[in-house]
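Data block for coords14.cif (mmCIF, C-alpha atoms and all ligand atoms):
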data_input
loop_
_atom_site.label_atom_id
_atom_site.label_comp_id
_atom_site.auth_asym_id
_atom_site.auth_seq_id
_atom_site.Cartn_x
_atom_site.Cartn_y
_atom_site.Cartn_z
CA MET E 1 123.31 132.39 127.32
CA ALA E 2 122.17 135.92 128.30
CA PRO E 3 119.19 137.33 126.38
CA ARG E 4 119.89 139.64 123.43
CA SER E 5 120.52 143.16 124.78
CA LEU E 6 118.28 146.13 124.09
CA ILE E 7 118.76 149.88 124.51
CA VAL E 8 115.60 152.02 124.44
CA GLY E 9 115.51 155.81 124.21
CA ASN E 10 112.54 157.34 126.01
CA TRP E 11 112.30 160.86 124.65
CA LYS E 12 109.47 161.69 127.09
CA MET E 13 107.79 165.07 126.31
CA ASN E 14 110.78 166.58 124.50
CA MET E 15 111.72 167.63 120.98
CA ASN E 16 109.74 169.19 118.12
CA CYS E 17 109.05 167.87 114.65
CA LEU E 18 112.31 169.08 113.12
CA SER E 19 114.54 168.10 116.04
CA SER E 20 112.87 164.66 116.23
CA LYS E 21 113.68 164.01 112.59
CA THR E 22 117.22 165.34 113.00
CA LEU E 23 117.87 163.17 116.05
CA ALA E 24 116.44 160.04 114.41
CA ALA E 25 118.48 160.69 111.24
CA ASP E 26 121.65 161.22 113.32
CA ILE E 27 121.11 157.93 115.13
CA ILE E 28 120.47 156.00 111.91
CA GLN E 29 123.48 157.48 110.13
CA ASN E 30 125.91 156.83 112.95
CA VAL E 31 124.73 153.53 114.38
CA SER E 32 127.40 150.89 114.03
CA SER E 33 126.60 147.64 112.30
CA LYS E 34 127.67 145.71 115.40
CA THR E 35 125.43 147.64 117.78
CA ILE E 36 122.89 145.71 119.80
CA GLU E 37 119.14 146.20 119.32
CA LEU E 38 118.13 149.87 119.58
CA ALA E 39 114.68 151.40 119.87
CA ILE E 40 113.52 155.00 120.20
CA CYS E 41 110.24 156.21 121.68
CA PRO E 42 109.36 159.73 120.52
CA PRO E 43 106.21 161.58 121.63
CA PHE E 44 103.10 160.29 119.80
CA VAL E 45 102.88 163.26 117.44
CA TYR E 46 106.39 162.66 116.09
CA LEU E 47 106.03 158.91 115.60
CA LEU E 48 105.04 159.24 111.95
CA PRO E 49 107.89 161.47 110.72
CA VAL E 50 110.39 159.40 112.70
CA SER E 51 108.85 156.14 111.48
CA LEU E 52 109.28 157.22 107.84
CA LEU E 53 112.99 157.77 108.50
CA LEU E 54 113.46 154.49 110.37
CA SER E 55 111.77 152.31 107.78
CA SER E 56 115.01 151.29 106.09
CA SER E 57 117.08 151.10 109.28
CA LYS E 58 117.50 148.52 112.02
CA VAL E 59 116.52 151.01 114.73
CA LEU E 60 113.08 150.12 116.07
CA LEU E 61 110.24 152.40 117.13
CA GLY E 62 108.13 152.45 120.28
CA GLY E 63 105.31 154.43 121.88
CA GLN E 64 105.45 155.89 125.39
CA ASP E 65 102.01 154.63 126.43
CA CYS E 66 98.78 153.23 124.94
CA HIS E 67 95.15 152.74 125.89
CA ASN E 68 93.70 149.38 126.82
CA TYR E 69 90.87 149.59 124.25
CA LYS E 70 91.12 149.14 120.49
CA SER E 71 88.98 152.20 119.67
CA GLY E 72 86.10 154.26 121.01
CA ALA E 73 85.19 157.41 122.88
CA HIS E 74 88.53 158.03 124.63
CA THR E 75 89.45 161.60 123.86
CA GLY E 76 93.17 162.18 123.67
CA ASP E 77 94.12 158.51 123.95
CA ILE E 78 96.06 156.29 121.57
CA ALA E 79 95.10 152.66 120.86
CA PRO E 80 97.80 149.98 120.62
CA GLU E 81 96.71 149.26 117.04
CA MET E 82 97.48 152.89 116.15
CA LEU E 83 101.05 152.39 117.33
CA VAL E 84 101.34 149.22 115.26
CA ASP E 85 99.93 151.14 112.29
CA LEU E 86 102.80 153.64 112.57
CA GLY E 87 105.43 150.94 112.70
CA CYS E 88 105.97 150.57 116.43
CA THR E 89 107.45 147.37 117.84
CA TYR E 90 107.49 148.41 121.49
CA VAL E 91 105.38 150.40 123.94
CA ILE E 92 106.56 151.66 127.33
CA LEU E 93 103.91 150.95 129.99
CA GLY E 94 103.68 151.77 133.68
CA HIS E 95 106.47 154.34 133.65
CA SER E 96 106.68 155.93 137.11
CA GLU E 97 105.86 159.31 135.57
CA ARG E 98 102.51 157.82 134.51
CA ARG E 99 101.99 155.69 137.61
CA ILE E 100 102.43 158.83 139.74
CA CYS E 101 101.05 161.71 137.63
CA HIS E 102 98.22 159.77 135.95
CA ASN E 103 97.36 157.47 138.85
CA GLU E 104 98.09 154.35 136.83
CA ASN E 105 97.93 151.39 139.17
CA ASN E 106 99.03 147.83 138.48
CA LEU E 107 95.59 146.82 137.18
CA VAL E 108 95.62 149.60 134.60
CA VAL E 109 99.14 148.70 133.50
CA ARG E 110 98.14 145.05 133.23
CA SER E 111 95.12 145.78 131.03
CA LYS E 112 97.21 148.04 128.79
CA ALA E 113 99.88 145.36 128.52
CA LYS E 114 97.29 142.74 127.60
CA ALA E 115 95.87 145.02 124.88
CA ALA E 116 99.36 145.87 123.62
CA ILE E 117 100.32 142.21 123.30
CA GLU E 118 97.04 141.39 121.53
CA ALA E 119 97.81 144.17 119.03
CA GLY E 120 101.27 142.68 118.40
CA LEU E 121 103.33 145.16 120.43
CA ILE E 122 106.00 144.24 122.97
CA PRO E 123 105.32 146.10 126.22
CA ILE E 124 108.28 147.41 128.20
CA ILE E 125 106.78 147.30 131.68
CA CYS E 126 108.43 149.65 134.17
CA VAL E 127 108.75 149.01 137.88
CA GLY E 128 110.77 150.65 140.63
CA GLU E 129 110.69 151.96 144.18
CA THR E 130 110.57 155.51 145.53
CA GLU E 131 113.30 157.01 147.66
CA ASN E 132 111.22 156.43 150.83
CA GLU E 133 110.56 152.82 149.92
CA ARG E 134 114.26 152.30 149.31
CA SER E 135 115.17 153.85 152.68
CA ALA E 136 112.62 151.61 154.38
CA GLY E 137 114.28 148.55 152.80
CA LYS E 138 111.17 147.80 150.76
CA ALA E 139 112.55 147.85 147.21
CA LEU E 140 112.24 144.11 146.60
CA GLU E 141 108.74 143.97 148.04
CA VAL E 142 107.58 146.94 145.93
CA VAL E 143 109.05 145.54 142.73
CA ASP E 144 107.55 142.12 143.49
CA LYS E 145 104.04 143.59 143.90
CA GLN E 146 104.39 145.74 140.77
CA ILE E 147 105.52 142.85 138.60
CA ARG E 148 102.97 140.33 139.80
CA GLY E 149 100.23 142.98 139.58
CA SER E 150 101.16 144.54 136.22
CA LEU E 151 102.00 141.53 134.08
CA PRO E 152 99.20 139.87 132.15
CA GLU E 153 99.05 136.12 131.51
CA ARG E 154 100.73 134.10 128.76
CA LEU E 155 103.98 135.99 128.66
CA ASN E 156 107.23 134.90 127.14
CA SER E 157 110.52 136.40 126.06
CA ASN E 158 109.08 137.40 122.68
CA ASN E 159 106.27 139.54 124.05
CA LEU E 160 107.67 141.14 127.19
CA VAL E 161 110.49 143.40 128.35
CA VAL E 162 110.74 144.57 131.96
CA ALA E 163 112.52 147.79 132.98
CA TYR E 164 113.70 148.37 136.54
CA GLU E 165 113.76 152.12 137.10
CA PRO E 166 114.31 153.19 140.72
CA ILE E 167 112.32 156.42 140.85
CA TRP E 168 115.00 158.17 142.88
CA ALA E 169 117.53 157.54 140.10
CA ILE E 170 115.42 159.05 137.31
CA GLY E 171 116.77 162.40 136.16
CA THR E 172 118.89 162.80 139.31
CA GLY E 173 122.32 161.70 138.11
CA ARG E 174 122.37 159.14 140.95
CA ILE E 175 122.45 155.42 140.26
CA PRO E 176 122.24 152.60 142.78
CA ASN E 177 125.45 150.73 143.45
CA ILE E 178 126.14 147.67 141.35
CA GLU E 179 125.39 145.24 144.15
CA TYR E 180 121.97 146.81 144.73
CA ILE E 181 121.13 146.63 141.01
CA SER E 182 122.32 143.03 140.89
CA ILE E 183 120.09 142.03 143.83
CA VAL E 184 116.99 143.71 142.38
CA HIS E 185 117.55 142.33 138.87
CA SER E 186 118.08 138.78 140.18
CA HIS E 187 114.91 139.16 142.22
CA ILE E 188 113.02 140.29 139.11
CA ARG E 189 114.38 137.32 137.16
CA ASN E 190 113.18 134.97 139.92
CA ILE E 191 109.69 136.48 139.96
CA LEU E 192 109.52 136.19 136.17
CA GLY E 193 110.44 132.53 136.62
CA ASP E 194 107.21 132.05 138.61
CA ILE E 195 105.13 133.70 135.89
CA CYS E 196 106.69 132.95 132.50
CA TYR E 197 107.90 129.69 131.02
CA ASP E 198 111.08 131.08 129.40
CA ALA E 199 111.89 133.76 131.97
CA VAL E 200 115.63 133.35 131.46
CA ASN E 201 115.29 134.92 128.02
CA ILE E 202 113.18 137.94 129.03
CA ARG E 203 115.15 141.18 128.77
CA VAL E 204 115.32 143.09 132.08
CA LEU E 205 116.55 146.63 131.43
CA TYR E 206 117.94 149.10 133.93
CA GLY E 207 116.76 152.73 133.75
CA GLY E 208 117.58 155.89 135.71
CA SER E 209 120.47 158.27 134.94
CA VAL E 210 122.11 155.93 132.42
CA LYS E 211 124.99 157.83 130.79
CA PRO E 212 127.87 156.94 128.49
CA ASP E 213 130.25 156.87 131.47
CA ASN E 214 128.24 154.41 133.59
CA ALA E 215 126.83 152.20 130.82
CA LYS E 216 129.65 149.67 130.75
CA LYS E 217 129.55 149.19 134.52
CA LEU E 218 125.76 148.72 134.44
CA MET E 219 125.99 146.21 131.62
CA SER E 220 128.52 144.15 133.58
CA VAL E 221 125.80 143.28 136.11
CA ILE E 222 124.36 139.81 135.66
CA ASN E 223 120.68 140.01 134.68
CA VAL E 224 120.98 143.54 133.27
CA ASN E 225 120.12 143.09 129.62
CA GLY E 226 120.19 146.68 128.44
CA ALA E 227 118.90 150.10 129.37
CA LEU E 228 115.91 152.41 129.25
CA VAL E 229 117.51 155.81 128.70
CA GLY E 230 115.86 159.20 129.27
CA SER E 231 117.82 162.43 128.94
CA SER E 232 120.90 160.81 127.38
CA SER E 233 118.73 159.53 124.52
CA LEU E 234 118.14 163.11 123.34
CA GLN E 235 121.66 163.43 121.91
CA ALA E 236 122.59 160.93 119.20
CA ALA E 237 126.24 160.86 120.31
CA ASP E 238 125.35 160.01 123.93
CA PHE E 239 122.70 157.47 122.99
CA LEU E 240 125.04 155.71 120.56
CA ALA E 241 127.93 155.86 123.05
CA ILE E 242 125.71 154.08 125.60
CA ALA E 243 124.84 151.47 122.97
CA GLU E 244 128.53 150.98 122.16
CA GLU E 245 129.46 150.60 125.83
CA MET E 246 126.67 148.06 126.30
CA SER E 247 127.38 146.04 123.14
O1 LIG R 301 112.86 157.58 133.11
C1 LIG R 301 113.83 157.22 132.46
C2 LIG R 301 113.70 156.42 131.23
O2 LIG R 301 112.40 155.94 131.08
C3 LIG R 301 115.20 157.58 132.89
O3 LIG R 301 115.39 158.93 132.68
P1 LIG R 301 116.88 159.55 132.84
O4 LIG R 301 117.79 158.67 132.00
O5 LIG R 301 116.76 160.93 132.33
O6 LIG R 301 117.22 159.44 134.28
#

For this file, produce the structure as structure tokens.
Amino acid sequence: MAPRSLIVGNWKMNMNCLSSKTLAADIIQNVSSKTIELAICPPFVYLLPVSLLLSSSKVLLGGQDCHNYKSGAHTGDIAPEMLVDLGCTYVILGHSERRICHNENNLVVRSKAKAAIEAGLIPIICVGETENERSAGKALEVVDKQIRGSLPERLNSNNLVVAYEPIWAIGTGRIPNIEYISIVHSHIRNILGDICYDAVNIRVLYGGSVKPDNAKKLMSVINVNGALVGSSSLQAADFLAIAEEMS
């Protein structure tokens, strides 16, 4: 049986306090009872107001990053325990926007993931190749290195989600063809099989230009267990339409 599906909205550095609350309220009010697991990841500063709204709903909350230490002199950083304190279930780690703009390498992602799991969070670890790596036929090799390098030990389907986000598909409106996605996702599943004892149950999400009109096609791919959605998660109607198509 395929793992339970999951759709995650990564709001990135968008919204303000009022629009965050409005969007969260819209999602809660309109989510269908049959919809698969949904999570939203607002910017840190809007986690609390959104969390207060989500408390009586089945929509889960996540952070967009965390530090690898529990506390200390780390100006501007957020500890995993702080995310737990605000009601987060998930934390996105190793997003390409952080790997590239904040020089986060696999070792950093791994130590953050270890800390997140110890705090009780489920990391959503992102991997994916650049356009050049894709053209050079290196996608599988890149993803392999990122997964083996970024995943800490003692993982299982209850404490890990992996997201495959080809960097060239993020925010571009372009998605890989279905065969390409199928090959990469099967490869990821095989690598997870080397590392985790119940790899078949680990959710492997696809991310990069997921929209209501391509969601069904993406979900038909074996080993795609949901989506990590960027811009289309900023409109309740689009986000919920994606969830419906993927349910
Ligand atoms: O980076 C993404 C989600 O983490 C994808 O963003 P878009 O859906 O806007 O392409």

(message) So that I can check the surroundings of region 25-34 of chain E, please list as a ChimeraX atom specification every protein, DNA and RNA residue that reaches within 12 Å of it, counting all atoms listed in the file and ignoring chain neighbours fewer than 6 positions away.
(response) /E:9,18-19,40,49-60,233-247

Find the residues near ligand LIG 301 (chain R). Use a cut-off of 7 Å, count all atoms listed in the file, and write them as a PDB file with C-alpha atoms, in the frame of the given file.
ATOM      1  CA  ASN E  10     112.540 157.340 126.010  1.00  0.00           C
ATOM      2  CA  HIS E  95     106.470 154.340 133.650  1.00  0.00           C
ATOM      3  CA  GLU E 165     113.760 152.120 137.100  1.00  0.00           C
ATOM      4  CA  ALA E 169     117.530 157.540 140.100  1.00  0.00           C
ATOM      5  CA  ILE E 170     115.420 159.050 137.310  1.00  0.00           C
ATOM      6  CA  GLY E 171     116.770 162.400 136.160  1.00  0.00           C
ATOM      7  CA  THR E 172     118.890 162.800 139.310  1.00  0.00           C
ATOM      8  CA  GLY E 173     122.320 161.700 138.110  1.00  0.00           C
ATOM      9  CA  GLY E 207     116.760 152.730 133.750  1.00  0.00           C
ATOM     10  CA  GLY E 208     117.580 155.890 135.710  1.00  0.00           C
ATOM     11  CA  SER E 209     120.470 158.270 134.940  1.00  0.00           C
ATOM     12  CA  VAL E 210     122.110 155.930 132.420  1.00  0.00           C
ATOM     13  CA  LEU E 228     115.910 152.410 129.250  1.00  0.00           C
ATOM     14  CA  VAL E 229     117.510 155.810 128.700  1.00  0.00           C
ATOM     15  CA  GLY E 230     115.860 159.200 129.270  1.00  0.00           C
ATOM     16  CA  SER E 231     117.820 162.430 128.940  1.00  0.00           C
ATOM     17  CA  SER E 232     120.900 160.810 127.380  1.00  0.00           C
TER      18      SER E 232
END

(message) Quick check, in Å to one decimal: how far apart do CA of Arg174 (chain E) and CA of Ile100 (chain E) lie?
(response)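 Distance reported for this atom pair: 20.0 Å.
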
(message) Counting only C-alpha atoms, find residues at most 9 Å from (104.0, 132.8, 134.0) (file frame) and give them as a ChimeraX atom specification.
(response) /E:151-156,192-199

Residues within 12 Å of Tyr180 (chain E), please, as a PDB file with C-alpha atoms, in the frame of the given file. Count all atoms listed in the file; anything in the same chain fewer than 6 positions from it doesn't count.
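Result file follows (part09.pdb):
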ATOM      1  CA  ARG E 134     114.260 152.300 149.310  1.00  0.00           C
ATOM      2  CA  GLY E 137     114.280 148.550 152.800  1.00  0.00           C
ATOM      3  CA  ALA E 139     112.550 147.850 147.210  1.00  0.00           C
ATOM      4  CA  LEU E 140     112.240 144.110 146.600  1.00  0.00           C
ATOM      5  CA  TYR E 164     113.700 148.370 136.540  1.00  0.00           C
ATOM      6  CA  PRO E 166     114.310 153.190 140.720  1.00  0.00           C
ATOM      7  CA  SER E 186     118.080 138.780 140.180  1.00  0.00           C
ATOM      8  CA  HIS E 187     114.910 139.160 142.220  1.00  0.00           C
ATOM      9  CA  TYR E 206     117.940 149.100 133.930  1.00  0.00           C
ATOM     10  CA  LEU E 218     125.760 148.720 134.440  1.00  0.00           C
ATOM     11  CA  VAL E 221     125.800 143.280 136.110  1.00  0.00           C
ATOM     12  CA  ILE E 222     124.360 139.810 135.660  1.00  0.00           C
ATOM     13  CA  VAL E 224     120.980 143.540 133.270  1.00  0.00           C
TER      14      VAL E 224
END

(request) List every protein, DNA or RNA residue that has an atom no more than 12 Å from (126.2, 142.1, 133.8) in the file's coordinate frame, counting all atoms listed in the file, and report them as a list in words. (result) Ala2, Pro3, Ser5, Ile178, Glu179, Ile181, Ser182, Ile183, His185, Ser186, Val204, Leu205, Tyr206, Ala215, Lys216, Lys217, Leu218, Met219, Ser220, Val221, Ile222, Asn223, Val224, Asn225, Gly226, Ala227, Met246 and Ser247 of chain E

(message) Just checking: using only C-alpha atoms, which residue out of E:Val161, E:Gly149, E:Lys70, E:Asn201 ends up closest to Val91 (chain E)?
(response)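 Nearest candidate to Val91 (chain E) out of E:Val161, E:Gly149, E:Lys70, E:Asn201: E:Val161.
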